[in-house]
Amino acid sequence: MPRALIAPSILTADFGRLAEQARAAEAGGADLWHLDVMDGHFVPPISFGREVIAAVRAASTLFIEAHLMVAKPAEQFADMAAAGAQRLVFHYEAVRDLDAAREHIAAARALGCEAGIAINPETPAEALFPLLATLDEVVVMLIRPGWGGQQMQPALLDKVRTLRARAEASGLALTIEVDGGVKSHNASMCVDAGATILVAGSAVFNDEQTPEQALVALRASLGG
Ligand code: DX5
Ligand code: ZN
């Protein structure tokens, strides 16, 4: 059993060679894809949508989660699922209350997908406590969402510790993913805090290493 799964994000990949880069990451031992959809409203940039998800789906057999940084996530669910996403992650800040969050979870499941919720740096971990038993994954942002290549804010790992402790106290094997600034020098710290999936964008797709080399180094930093 690996200590944690590694989920590459293609935000800083070379989109002109997307299929090749995706295959390289898969060859390097990526466990699943974390694909960042941004709408220019929930976050300032626009990244990509269903066409790019479908392109990754065509190039790789790995599990795909779509991280929806969009203001109206439910409106995108059907397109994301049709393009090949198997887990739909929406932001708590986009739906704003527990009832709406529950409706979104049900909508994702109705499409045959898993459901995850992400929280921004300003949202406390406790906001998700009532939902933990019904979620397939919680995503703790360790940066302000919108851009790859930012530095992790390690203080935000306290939220991972809080969620892990709450899950254990409730007898839940919760999947906790951390997103933002994960690199070889801090990956182990994330796992020690309780994360089970590490998103890795610029750590995998950068100018210094091939995706294979980068993934091998990241895995080695976790002790295999
Ligand atoms: C940012 C995205 C992240 C990001 C990860 O809004 O949600 O997934 O692309 O990239 P790095 O690992 O470079 O922070
Ligand atoms: Zn993301």
# chains A, B, ... in the order shown; residues from 1 in each chain; ligands from 1
call {"tool": "select_by_dssp", "arguments": {"residues": "segment 37-109 of chain A", "states": "helix (DSSP H, G or I)", "output": "PyMOL selection string"}}
result
chain A and resi 50-59+74-83+92-95+98-109
call {"tool": "residues_near_ligand", "arguments": {"ligand": "ligand 1", "cutoff": "10 Å", "atoms": "only C-alpha atoms and all ligand atoms", "output": "PyMOL selection string"}}
result
chain A and resi 7-13+34-38+43+45+47+66-69+118+120+139-152+178-183+198-206
call {"tool": "closest_residue", "arguments": {"among": "A:Asp158, A:Asp14, A:Asp99, A:Glu177", "to": "ligand 2", "atoms": "only C-alpha atoms and all ligand atoms"}}
result
A:Glu177
call {"tool": "residues_around", "arguments": {"residues": "Gln76 of chain A", "least_positions_apart": "3", "cutoff": "12 Å", "atoms": "only C-alpha atoms", "output": "PyMOL selection string"}}
result
chain A and resi 37-39+49-50+66-73+79-83+85+88-90+104+107-108+111
call {"tool": "residues_around", "arguments": {"residues": "Ala55 of chain A", "least_positions_apart": "3", "cutoff": "12 Å", "atoms": "only C-alpha atoms", "output": "list in words"}}
result
Ile10, Phe15, Gly16, Arg17, Leu18, Ala19, Glu20, Gln21, Ala22, Arg23, Leu35, Phe48, Gly49, Arg50, Glu51, Val52, Ala58, Ala59, Ser60, Thr61, Ile64, Ala83, Gly84 and Ala85 of chain A
call {"tool": "residues_around", "arguments": {"residues": "Ala30 of chain A", "least_positions_apart": "2", "cutoff": "8 Å", "atoms": "only C-alpha atoms", "output": "PyMOL selection string"}}
result
chain A and resi 5-8+25-28+32-33+215
call {"tool": "write_last_selection", "arguments": {"atoms": "C-alpha atoms", "output": "CSV table (one decimal), in the first residue's frame"}}
result
chain,number,residue,atom,x,y,z
A,5,LEU,CA,-2.0,8.4,-3.9
A,6,ILE,CA,-0.6,11.1,-6.3
A,7,ALA,CA,-3.0,12.9,-8.5
A,8,PRO,CA,-1.4,15.1,-11.2
A,25,ALA,CA,2.7,10.9,-16.1
A,26,GLU,CA,0.9,7.6,-16.2
A,27,ALA,CA,4.2,5.8,-17.0
A,28,GLY,CA,5.8,7.6,-14.1
A,32,LEU,CA,-5.4,9.3,-10.8
A,33,TRP,CA,-6.0,12.6,-12.6
A,215,LEU,CA,6.7,11.4,-10.2
call {"tool": "closest_residue", "arguments": {"among": "A:Ala24, A:Ser170, A:Pro130, A:Ile117", "to": "ligand 2", "atoms": "only C-alpha atoms and all ligand atoms"}}
result
A:Ile117
call {"tool": "atom_distance", "arguments": {"atom1": "atom CA of Ala187 of chain A", "atom2": "atom CA of Glu65 of chain A"}}
result
20.0 Å
call {"tool": "closest_residue", "arguments": {"among": "A:Arg96, A:Ala4, A:Pro124, A:Gly29", "to": "Asp192 of chain A", "atoms": "only C-alpha atoms"}}
result
A:Ala4
call {"tool": "select_by_dssp", "arguments": {"residues": "segment 86-215 of chain A", "states": "strand (DSSP E)", "output": "list in words"}}
result
Arg87, Leu88, Val89, Phe90, His91, Glu114, Ala115, Gly116, Ile117, Ala118, Ile119, Glu137, Val138, Val139, Val140, Met141, Ile176, Glu177, Val178, Asp179, Ile197, Leu198, Val199 and Ala200 of chain A
call {"tool": "residues_around", "arguments": {"residues": "Met1 of chain A", "least_positions_apart": "5", "cutoff": "12 Å", "atoms": "only C-alpha atoms", "output": "list in words"}}
result
Thr196, Leu222, Gly223 and Gly224 of chain A
call {"tool": "residues_around", "arguments": {"residues": "Glu137 of chain A", "least_positions_apart": "4", "cutoff": "6 Å", "atoms": "only C-alpha atoms", "output": "compact mmCIF listing (two decimals) with N, CA, C and O atoms, in the first residue's frame"}}
result
# COMPACT_ATOMS: atom_id res chain seq x y z
N GLY A 116 -17.19 14.81 -4.18
CA GLY A 116 -16.23 15.40 -3.24
C GLY A 116 -16.50 16.88 -3.05
O GLY A 116 -17.10 17.52 -3.93
N THR A 175 -11.41 9.85 2.71
CA THR A 175 -10.38 10.23 1.75
C THR A 175 -10.19 11.74 1.85
O THR A 175 -11.13 12.50 1.64
N ILE A 176 -8.98 12.14 2.21
CA ILE A 176 -8.68 13.57 2.31
C ILE A 176 -7.58 13.88 1.30
O ILE A 176 -6.50 13.29 1.34
call {"tool": "closest_residue", "arguments": {"among": "A:Ala74, A:Ala100, A:Ala106, A:Ile119", "to": "ligand 2", "atoms": "only C-alpha atoms and all ligand atoms"}}
result
A:Ile119
call {"tool": "closest_residue", "arguments": {"among": "A:Val138, A:Leu163, A:Ala110, A:Ala173", "to": "ligand 2", "atoms": "only C-alpha atoms and all ligand atoms"}}
result
A:Val138
